[in-house]
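A.B. asks: So I've got this file, data11.pdb, and it contains PDB, C-alpha atoms:
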```pdb
ATOM      1  CA  GLU O   1      -4.528 -32.306  39.860
ATOM      2  CA  ALA O   2      -5.162 -30.687  43.235
ATOM      3  CA  ALA O   3      -5.325 -27.245  41.588
ATOM      4  CA  ALA O   4      -7.820 -28.558  39.025
ATOM      5  CA  ARG O   5     -10.105 -29.857  41.748
ATOM      6  CA  VAL O   6     -10.006 -26.461  43.470
ATOM      7  CA  VAL O   7     -10.794 -24.623  40.256
ATOM      8  CA  LEU O   8     -13.751 -26.884  39.500
ATOM      9  CA  THR O   9     -15.399 -26.039  42.818
ATOM     10  CA  THR O  10     -18.008 -23.278  42.905
ATOM     11  CA  PRO O  11     -15.708 -20.780  44.701
ATOM     12  CA  GLY O  12     -12.910 -21.739  42.312
ATOM     13  CA  LYS O  13     -15.097 -21.084  39.271
ATOM     14  CA  ILE O  14     -16.192 -17.715  40.639
ATOM     15  CA  ALA O  15     -12.591 -16.729  41.395
ATOM     16  CA  THR O  16     -11.407 -17.830  37.939
ATOM     17  CA  VAL O  17     -14.149 -15.887  36.132
ATOM     18  CA  ALA O  18     -13.542 -12.821  38.333
ATOM     19  CA  ILE O  19      -9.790 -12.870  37.628
ATOM     20  CA  PHE O  20     -10.253 -13.236  33.882
ATOM     21  CA  LEU O  21     -12.937 -10.505  33.801
ATOM     22  CA  GLY O  22     -10.658  -8.243  35.825
ATOM     23  CA  VAL O  23      -7.769  -8.777  33.395
ATOM     24  CA  LEU O  24     -10.152  -8.194  30.459
ATOM     25  CA  VAL O  25     -11.459  -4.929  31.927
ATOM     26  CA  LEU O  26      -7.881  -3.850  32.630
ATOM     27  CA  GLY O  27      -6.950  -4.665  29.039
ATOM     28  CA  VAL O  28      -9.912  -2.771  27.577
ATOM     29  CA  VAL O  29      -9.170   0.299  29.728
ATOM     30  CA  GLY O  30      -5.501   0.205  28.745
ATOM     31  CA  LEU O  31      -6.369  -0.272  25.080
ATOM     32  CA  THR O  32      -8.483   2.883  25.072
ATOM     33  CA  GLN O  33      -5.568   4.840  26.591
ATOM     34  CA  LEU O  34      -2.882   3.419  24.301
ATOM     35  CA  TYR O  35      -1.413   5.987  21.918
ATOM     36  CA  VAL O  36       1.001   6.159  19.016
ATOM     37  CA  ASP O  37       4.476   7.444  19.810
ATOM     38  CA  TRP O  38       7.756   6.945  18.015
ATOM     39  CA  LYS O  39      11.091   8.719  18.035
ATOM     40  CA  LEU O  40      14.173   8.131  15.935
ATOM     41  CA  GLU O  41      16.255   8.563  19.105
ATOM     42  CA  TRP O  42      14.908   5.270  20.458
ATOM     43  CA  TYR O  43      17.049   3.360  17.969
ATOM     44  CA  PHE O  44      20.229   4.352  19.798
ATOM     45  CA  PRO O  45      21.332   2.025  22.635
ATOM     46  CA  ASP O  46      20.910   3.580  26.085
ATOM     47  CA  ASP O  47      24.642   3.321  26.802
ATOM     48  CA  SER O  48      25.777   4.865  23.494
ATOM     49  CA  TYR O  49      27.444   8.278  23.398
ATOM     50  CA  VAL O  50      24.709   9.501  21.023
ATOM     51  CA  ALA O  51      21.978   8.658  23.543
ATOM     52  CA  SER O  52      24.004  10.283  26.347
ATOM     53  CA  PHE O  53      24.470  13.422  24.265
ATOM     54  CA  LEU O  54      20.772  13.615  23.414
ATOM     55  CA  ASP O  55      19.779  13.111  27.063
ATOM     56  CA  ASP O  56      22.187  15.796  28.304
ATOM     57  CA  ASN O  57      21.192  18.154  25.526
ATOM     58  CA  GLU O  58      17.510  17.737  26.369
ATOM     59  CA  LYS O  59      18.182  18.108  30.088
ATOM     60  CA  PHE O  60      20.379  21.214  30.001
ATOM     61  CA  PHE O  61      19.813  22.854  26.594
ATOM     62  CA  SER O  62      16.356  21.723  25.577
ATOM     63  CA  SER O  63      14.680  23.777  22.872
ATOM     64  CA  GLY O  64      12.101  23.351  20.167
ATOM     65  CA  THR O  65      12.720  22.184  16.613
ATOM     66  CA  SER O  66      13.675  24.759  13.989
ATOM     67  CA  TYR O  67      12.175  24.502  10.518
ATOM     68  CA  ASN O  68      12.101  26.386   7.232
ATOM     69  CA  ILE O  69       9.066  28.058   5.701
ATOM     70  CA  HIS O  70       9.086  27.590   1.925
ATOM     71  CA  THR O  71       6.915  29.082  -0.782
ATOM     72  CA  ALA O  72       7.288  27.781  -4.321
ATOM     73  CA  ASP O  73       5.764  28.662  -7.687
ATOM     74  CA  SER O  74       3.817  31.503  -6.130
ATOM     75  CA  ASP O  75       4.308  34.981  -7.588
ATOM     76  CA  VAL O  76       5.018  37.280  -4.636
ATOM     77  CA  PHE O  77       3.299  40.312  -6.151
ATOM     78  CA  GLU O  78       0.148  38.401  -7.072
ATOM     79  CA  SER O  79       0.112  36.673  -3.672
ATOM     80  CA  ARG O  80       0.733  39.696  -1.446
ATOM     81  CA  GLU O  81      -2.381  39.053   0.629
ATOM     82  CA  GLN O  82      -1.330  35.459   1.240
ATOM     83  CA  PHE O  83       2.195  36.502   2.201
ATOM     84  CA  GLN O  84       0.788  39.099   4.577
ATOM     85  CA  GLU O  85      -1.448  36.487   6.236
ATOM     86  CA  LEU O  86       1.335  33.901   6.381
ATOM     87  CA  ASN O  87       3.647  36.397   8.034
ATOM     88  CA  SER O  88       1.041  37.347  10.658
ATOM     89  CA  SER O  89       0.126  33.713  11.252
ATOM     90  CA  CYS O  90       3.720  32.679  11.905
ATOM     91  CA  TYR O  91       3.760  35.047  14.888
ATOM     92  CA  SER O  92       0.314  34.067  16.170
ATOM     93  CA  TRP O  93       0.434  30.263  15.849
ATOM     94  CA  GLU O  94       0.465  28.774  19.332
ATOM     95  CA  PHE O  95       3.102  26.215  18.400
ATOM     96  CA  ASN O  96       5.666  28.774  17.181
ATOM     97  CA  VAL O  97       8.189  30.706  19.259
ATOM     98  CA  PRO O  98       7.347  34.281  18.121
ATOM     99  CA  SER O  99      10.888  35.578  18.587
ATOM    100  CA  SER O 100      12.238  32.813  16.338
ATOM    101  CA  VAL O 101      10.250  33.807  13.245
ATOM    102  CA  SER O 102      12.428  35.110  10.430
ATOM    103  CA  PHE O 103      10.518  35.894   7.253
ATOM    104  CA  PHE O 104      11.470  38.460   4.643
ATOM    105  CA  TRP O 105       7.940  39.841   4.307
ATOM    106  CA  ASP O 106       7.840  41.355   7.783
ATOM    107  CA  ASP O 107      11.121  43.198   7.286
ATOM    108  CA  PHE O 108      10.326  44.219   3.717
ATOM    109  CA  VAL O 109       6.896  45.657   4.518
ATOM    110  CA  SER O 110       8.267  47.551   7.519
ATOM    111  CA  GLN O 111      10.795  49.184   5.184
ATOM    112  CA  THR O 112       8.250  49.657   2.391
ATOM    113  CA  PRO O 113       4.832  50.451   3.936
ATOM    114  CA  GLU O 114       3.278  51.072   0.501
ATOM    115  CA  ALA O 115       4.117  47.568  -0.728
ATOM    116  CA  MET O 116       0.490  46.429  -0.677
ATOM    117  CA  THR O 117      -0.638  49.237  -3.016
ATOM    118  CA  MET O 118       2.314  49.448  -5.420
ATOM    119  CA  GLU O 119       2.202  48.534  -9.080
ATOM    120  CA  ARG O 120       4.097  45.431 -10.165
ATOM    121  CA  GLU O 121       7.169  47.239 -11.544
ATOM    122  CA  GLU O 122       7.572  49.494  -8.512
ATOM    123  CA  PHE O 123       6.944  46.608  -6.123
ATOM    124  CA  TYR O 124       9.651  44.411  -7.592
ATOM    125  CA  ALA O 125      12.079  47.306  -7.880
ATOM    126  CA  ASN O 126      11.747  47.896  -4.132
ATOM    127  CA  LEU O 127      11.865  44.197  -3.365
ATOM    128  CA  PHE O 128      15.038  43.864  -5.422
ATOM    129  CA  GLN O 129      16.731  46.658  -3.493
ATOM    130  CA  TYR O 130      15.699  44.978  -0.255
ATOM    131  CA  TYR O 131      17.049  41.633  -1.475
ATOM    132  CA  LYS O 132      20.371  43.220  -2.436
ATOM    133  CA  SER O 133      20.675  44.680   1.055
ATOM    134  CA  THR O 134      19.895  41.365   2.795
ATOM    135  CA  THR O 135      22.325  39.507   0.548
ATOM    136  CA  ALA O 136      25.029  42.051   1.283
ATOM    137  CA  CYS O 137      24.371  41.622   5.005
ATOM    138  CA  GLY O 138      25.029  37.890   4.825
ATOM    139  CA  MET O 139      21.425  36.710   4.453
ATOM    140  CA  PRO O 140      21.380  35.005   1.043
ATOM    141  CA  GLY O 141      18.713  32.525   0.075
ATOM    142  CA  VAL O 142      15.626  34.322   1.404
ATOM    143  CA  MET O 143      14.185  34.343  -2.126
ATOM    144  CA  ARG O 144      14.925  33.213  -5.644
ATOM    145  CA  TRP O 145      14.320  35.447  -8.654
ATOM    146  CA  GLU O 146      12.941  34.093 -11.901
ATOM    147  CA  SER O 147      15.595  35.996 -13.828
ATOM    148  CA  GLU O 148      19.115  34.661 -13.410
ATOM    149  CA  ALA O 149      20.422  38.137 -14.247
ATOM    150  CA  CYS O 150      18.649  39.608 -11.206
ATOM    151  CA  GLU O 151      19.947  36.811  -9.009
ATOM    152  CA  LYS O 152      23.549  37.325 -10.092
ATOM    153  CA  CYS O 153      23.236  41.090  -9.821
ATOM    154  CA  ALA O 154      21.928  40.869  -6.261
ATOM    155  CA  GLU O 155      24.694  38.465  -5.288
ATOM    156  CA  GLY O 156      27.329  40.849  -6.650
ATOM    157  CA  GLY O 157      28.669  38.790  -9.528
ATOM    158  CA  GLY O 158      31.271  39.904 -12.042
ATOM    159  CA  PRO O 159      30.996  43.102 -14.150
ATOM    160  CA  GLU O 160      28.979  41.275 -16.805
ATOM    161  CA  SER O 161      26.219  40.459 -14.291
ATOM    162  CA  ARG O 162      25.766  43.752 -12.490
ATOM    163  CA  THR O 163      22.685  44.875 -14.409
ATOM    164  CA  CYS O 164      19.097  43.732 -13.991
ATOM    165  CA  SER O 165      16.657  45.207 -16.492
ATOM    166  CA  SER O 166      13.044  46.176 -15.802
ATOM    167  CA  ALA O 167      11.940  43.243 -17.931
ATOM    168  CA  ASP O 168      13.993  40.918 -15.748
ATOM    169  CA  LEU O 169      12.512  42.409 -12.590
ATOM    170  CA  LEU O 170       8.970  41.998 -13.889
ATOM    171  CA  LYS O 171       9.501  38.240 -14.084
ATOM    172  CA  GLY O 172       9.286  38.410 -10.326
ATOM    173  CA  VAL O 173      10.089  36.075  -7.467
ATOM    174  CA  ARG O 174       8.734  32.543  -7.379
ATOM    175  CA  HIS O 175      10.520  30.964  -4.422
ATOM    176  CA  THR O 176      11.055  32.294  -0.899
ATOM    177  CA  ARG O 177      12.292  30.899   2.385
ATOM    178  CA  GLY O 178      11.890  31.852   6.029
ATOM    179  CA  SER O 179      12.387  30.077   9.324
ATOM    180  CA  ALA O 180      10.791  29.552  12.721
ATOM    181  CA  THR O 181      11.042  27.266  15.739
ATOM    182  CA  PHE O 182       8.380  25.070  17.287
ATOM    183  CA  LYS O 183       7.921  25.444  21.026
ATOM    184  CA  LEU O 184       9.419  22.564  22.989
ATOM    185  CA  GLU O 185       6.072  21.351  24.312
ATOM    186  CA  PHE O 186       4.771  21.045  20.746
ATOM    187  CA  SER O 187       7.758  19.076  19.436
ATOM    188  CA  ASN O 188       8.577  16.826  22.378
ATOM    189  CA  GLY O 189       6.841  13.493  21.794
ATOM    190  CA  GLY O 190       6.088  11.464  18.695
ATOM    191  CA  GLN O 191       2.334  12.018  18.502
ATOM    192  CA  ARG O 192       2.568  15.708  19.471
ATOM    193  CA  ARG O 193       5.266  16.234  16.855
ATOM    194  CA  TYR O 194       3.149  14.724  14.112
ATOM    195  CA  GLU O 195       0.080  16.725  15.118
ATOM    196  CA  THR O 196       2.116  19.954  15.100
ATOM    197  CA  LEU O 197       3.574  19.161  11.680
ATOM    198  CA  THR O 198       0.154  18.321  10.262
ATOM    199  CA  LYS O 199      -1.415  21.466  11.689
ATOM    200  CA  THR O 200       1.357  23.654  10.266
ATOM    201  CA  ARG O 201       0.910  22.128   6.821
ATOM    202  CA  ASP O 202      -2.851  22.546   6.972
ATOM    203  CA  GLU O 203      -2.541  26.211   7.966
ATOM    204  CA  MET O 204      -0.163  26.977   5.100
ATOM    205  CA  LYS O 205      -2.364  25.086   2.673
ATOM    206  CA  ARG O 206      -5.383  27.067   3.881
ATOM    207  CA  ILE O 207      -3.592  30.356   3.230
ATOM    208  CA  PHE O 208      -2.161  29.550  -0.211
ATOM    209  CA  GLY O 209      -4.719  26.987  -1.343
ATOM    210  CA  SER O 210      -2.113  24.339  -2.125
ATOM    211  CA  GLU O 211       0.346  22.388  -0.026
ATOM    212  CA  LEU O 212       2.840  22.663  -2.904
ATOM    213  CA  GLU O 213       2.911  26.476  -2.846
ATOM    214  CA  ALA O 214       3.687  26.875   0.859
ATOM    215  CA  PHE O 215       4.991  24.244   3.230
ATOM    216  CA  PRO O 216       7.236  23.752   6.276
ATOM    217  CA  PHE O 217      10.350  21.624   6.059
ATOM    218  CA  SER O 218      13.029  20.285   8.355
ATOM    219  CA  SER O 219      15.250  17.228   8.110
ATOM    220  CA  SER O 220      13.604  16.074  11.357
ATOM    221  CA  PHE O 221      10.220  15.812   9.627
ATOM    222  CA  THR O 222      11.281  12.639   7.810
ATOM    223  CA  SER O 223      11.165  10.747  11.108
ATOM    224  CA  TRP O 224       8.107  12.610  12.401
ATOM    225  CA  GLU O 225       6.114  11.223   9.479
ATOM    226  CA  GLU O 226       6.504   7.712  10.858
ATOM    227  CA  VAL O 227       3.922   8.378  13.570
ATOM    228  CA  GLY O 228       1.277   9.092  10.961
ATOM    229  CA  ILE O 229       1.992   5.767   9.256
ATOM    230  CA  ILE O 230       2.355   3.479  12.277
ATOM    231  CA  GLU O 231      -1.285   3.526  13.408
ATOM    232  CA  GLY O 232      -2.659   2.666   9.971
ATOM    233  CA  GLU O 233      -0.093  -0.096   9.531
ATOM    234  CA  LEU O 234      -0.943  -1.551  12.944
ATOM    235  CA  LEU O 235      -4.675  -1.710  12.246
ATOM    236  CA  ARG O 236      -4.090  -3.230   8.825
ATOM    237  CA  ASN O 237      -1.707  -5.857  10.209
ATOM    238  CA  LEU O 238      -4.119  -6.745  13.014
ATOM    239  CA  LEU O 239      -6.921  -7.159  10.477
ATOM    240  CA  PHE O 240      -4.804  -9.468   8.315
ATOM    241  CA  ALA O 241      -3.688 -11.452  11.370
ATOM    242  CA  GLY O 242      -7.288 -11.778  12.532
ATOM    243  CA  VAL O 243      -8.412 -13.127   9.176
ATOM    244  CA  VAL O 244      -5.546 -15.655   9.183
ATOM    245  CA  ILE O 245      -6.426 -16.795  12.724
ATOM    246  CA  VAL O 246     -10.076 -17.341  11.805
ATOM    247  CA  VAL O 247      -9.207 -19.280   8.636
ATOM    248  CA  VAL O 248      -6.635 -21.480  10.385
ATOM    249  CA  VAL O 249      -8.808 -22.215  13.426
ATOM    250  CA  PHE O 250     -11.923 -23.094  11.437
ATOM    251  CA  GLY O 251      -9.801 -25.112   9.032
ATOM    252  CA  VAL O 252      -8.110 -27.183  11.743
ATOM    253  CA  ILE O 253     -10.973 -27.580  14.233
ATOM    254  CA  GLN O 254     -14.033 -29.155  12.637
ATOM    255  CA  ASP O 255     -16.463 -28.387  15.470
ATOM    256  CA  VAL O 256     -17.919 -24.939  14.784
ATOM    257  CA  LYS O 257     -18.709 -24.198  18.429
ATOM    258  CA  VAL O 258     -15.204 -25.086  19.574
ATOM    259  CA  SER O 259     -13.706 -23.064  16.697
ATOM    260  CA  PHE O 260     -15.830 -20.055  17.627
ATOM    261  CA  CYS O 261     -14.796 -20.250  21.287
ATOM    262  CA  THR O 262     -11.147 -20.550  20.271
ATOM    263  CA  VAL O 263     -11.343 -17.478  18.025
ATOM    264  CA  VAL O 264     -13.093 -15.449  20.741
ATOM    265  CA  SER O 265     -10.507 -16.520  23.331
ATOM    266  CA  THR O 266      -7.654 -15.568  20.998
ATOM    267  CA  CYS O 267      -9.193 -12.131  20.376
ATOM    268  CA  LEU O 268      -9.618 -11.562  24.127
ATOM    269  CA  VAL O 269      -5.969 -12.514  24.713
ATOM    270  CA  ILE O 270      -4.874  -9.966  22.079
ATOM    271  CA  VAL O 271      -7.038  -7.247  23.690
ATOM    272  CA  GLU O 272      -5.704  -8.017  27.170
ATOM    273  CA  THR O 273      -2.073  -8.099  26.046
ATOM    274  CA  ALA O 274      -2.326  -4.911  23.992
ATOM    275  CA  GLY O 275      -4.171  -3.139  26.817
ATOM    276  CA  CYS O 276      -1.505  -4.049  29.347
ATOM    277  CA  LEU O 277       1.092  -2.335  27.159
ATOM    278  CA  TYR O 278      -0.246   1.006  28.386
ATOM    279  CA  PHE O 279       0.347   0.084  32.033
ATOM    280  CA  TRP O 280       3.851  -1.108  31.115
ATOM    281  CA  ASP O 281       4.477   2.363  29.635
ATOM    282  CA  VAL O 282       4.851   0.911  26.145
ATOM    283  CA  THR O 283       3.506   2.906  23.183
ATOM    284  CA  ILE O 284       2.561   1.763  19.700
TER     285      ILE O 284
END
```
Now that the file is in, can you turn its structure into structure tokens?
C.D. replies:
Amino acid sequence: EAAARVVLTTPGKIATVAIFLGVLVLGVVGLTQLYVDWKLEWYFPDDSYVASFLDDNEKFFSSGTSYNIHTADSDVFESREQFQELNSSCYSWEFNVPSSVSFFWDDFVSQTPEAMTMEREEFYANLFQYYKSTTACGMPGVMRWESEACEKCAEGGGPESRTCSSADLLKGVRHTRGSATFKLEFSNGGQRRYETLTKTRDEMKRIFGSELEAFPFSSSFTSWEEVGIIEGELLRNLLFAGVVIVVVVFGVIQDVKVSFCTVVSTCLVIVETAGCLYFWDVTI
């Protein structure tokens, strides 16, 4: 009762309005700075051995995330220009560690400088010899030939699979694989991870014209995708919650003015609470 009398005085009213406006401004500022961030590692308890391992690994052996570069259903001979650009781009992208890039095209072209001007039969004959040498050196899986006979021949199968005819070679290569590593600063943080993944996909799509013909992949990407979903889900859930609040308030309180004030107050509370999350170092 004593506190109520103080609040109802002129100084009390001014102080109350000032405090609430200050909290509102703080909430709005924090809300504009709030960002989406999510990591799979956060699911592990802080005192678990997995969390301890991840912390020590990041502290003493931190490195970027490795990923594979896949091309599928894209004839290598017909797409030589795209492969040349993809190879150059992998070394020039700011988010890649240049020394980590391993792509067959760079090595193949350095061994066969005339690759860009060869006819189809000569091109695939040279590429097959290169593939046989990489397979023999313990580097299988850099490409997949359309002809099973060529694949078995390159892998050194039994006597019945040691020949690969010109017709088999002309069927070409449809699937290839390389690898690279993202720099640590581009893969350390939920939002930054997602942006790096999205940019890499967009670049490969730009080069080949389809995200199904060339794309990056890593088992880590399955959790990175969550960041791209969270923000949309949050906005949708807030919209649904807001509609429910309005319906319930106007349905329970018959006075329109009182209902309106209640809805506005509830919205301000949500803004202030969400904005303060930023200052508590809590992300979406």
A.B. asks: Using the chain letters and numbering of this document, enumerate as a PyMOL selection string the residues selected by the PyMOL selection byres ((chain O and resi 201-208) around 9).
C.D. replies: chain O and resi 74+79+82-83+85-86+89+196-200+209-216
A.B. asks: Could those selected residues go to a file with C-alpha atoms, as a compact mmCIF listing (two decimals), keeping the file's coordinate frame?
C.D. replies:
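File written: out_7.txt
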```
# COMPACT_ATOMS: atom_id res chain seq x y z
CA SER O 74 3.82 31.50 -6.13
CA SER O 79 0.11 36.67 -3.67
CA GLN O 82 -1.33 35.46 1.24
CA PHE O 83 2.19 36.50 2.20
CA GLU O 85 -1.45 36.49 6.24
CA LEU O 86 1.34 33.90 6.38
CA SER O 89 0.13 33.71 11.25
CA THR O 196 2.12 19.95 15.10
CA LEU O 197 3.57 19.16 11.68
CA THR O 198 0.15 18.32 10.26
CA LYS O 199 -1.42 21.47 11.69
CA THR O 200 1.36 23.65 10.27
CA GLY O 209 -4.72 26.99 -1.34
CA SER O 210 -2.11 24.34 -2.12
CA GLU O 211 0.35 22.39 -0.03
CA LEU O 212 2.84 22.66 -2.90
CA GLU O 213 2.91 26.48 -2.85
CA ALA O 214 3.69 26.88 0.86
CA PHE O 215 4.99 24.24 3.23
CA PRO O 216 7.24 23.75 6.28
```
A.B. asks: Go through O:Leu239, O:Val101, O:Val29, O:Val264 one by one, measure the shortest atom-to-atom distance of each to Cys276 of chain O using all atoms listed in the file, and give the residue with the smallest value.
C.D. replies: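 Going through O:Leu239, O:Val101, O:Val29, O:Val264 one by one, the smallest distance to Cys276 of chain O is for O:Val29.
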A.B. asks: Could you check the closest approach to Cys267 of chain O for each of O:Leu24, O:Tyr130, O:Thr9, O:Phe108 and tell me which residue wins, using all atoms listed in the file?
C.D. replies: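 Distance minimum relative to Cys267 of chain O lands on O:Leu24.
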A.B. asks: Would you write out, as a PyMOL selection string, every residue that the PyMOL selection byres ((chain O and resi 96-99) around 7) captures in this file?
C.D. replies: chain O and resi 90-91+93-95+100-101+180-183
A.B. asks: Convert the output of the PyMOL selection byres ((chain O and resi 173) around 9) on the shown file into explicit residues, formatted as a PyMOL selection string.
C.D. replies: chain O and resi 73-77+124+143-147+169-172+174-176
A.B. asks: Between O:Cys150, O:Gly178, O:Val248, O:Ala274, which is the closest to Thr262 of chain O once you count all atoms listed in the file?
C.D. replies: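 For Thr262 of chain O, the nearest of the candidates is O:Val248.
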A.B. asks: Out of O:Asn68, O:Thr10, O:Ser110, O:Ser259, which residue has the shortest atom-to-atom distance to Phe217 of chain O when counting all atoms listed in the file?
C.D. replies: O:Asn68
A.B. asks: Distance atom CA of Asn188 of chain O-atom CA of Gly64 of chain O, one decimal place?
C.D. replies: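 Between these atoms lies a distance of 7.7 Å.
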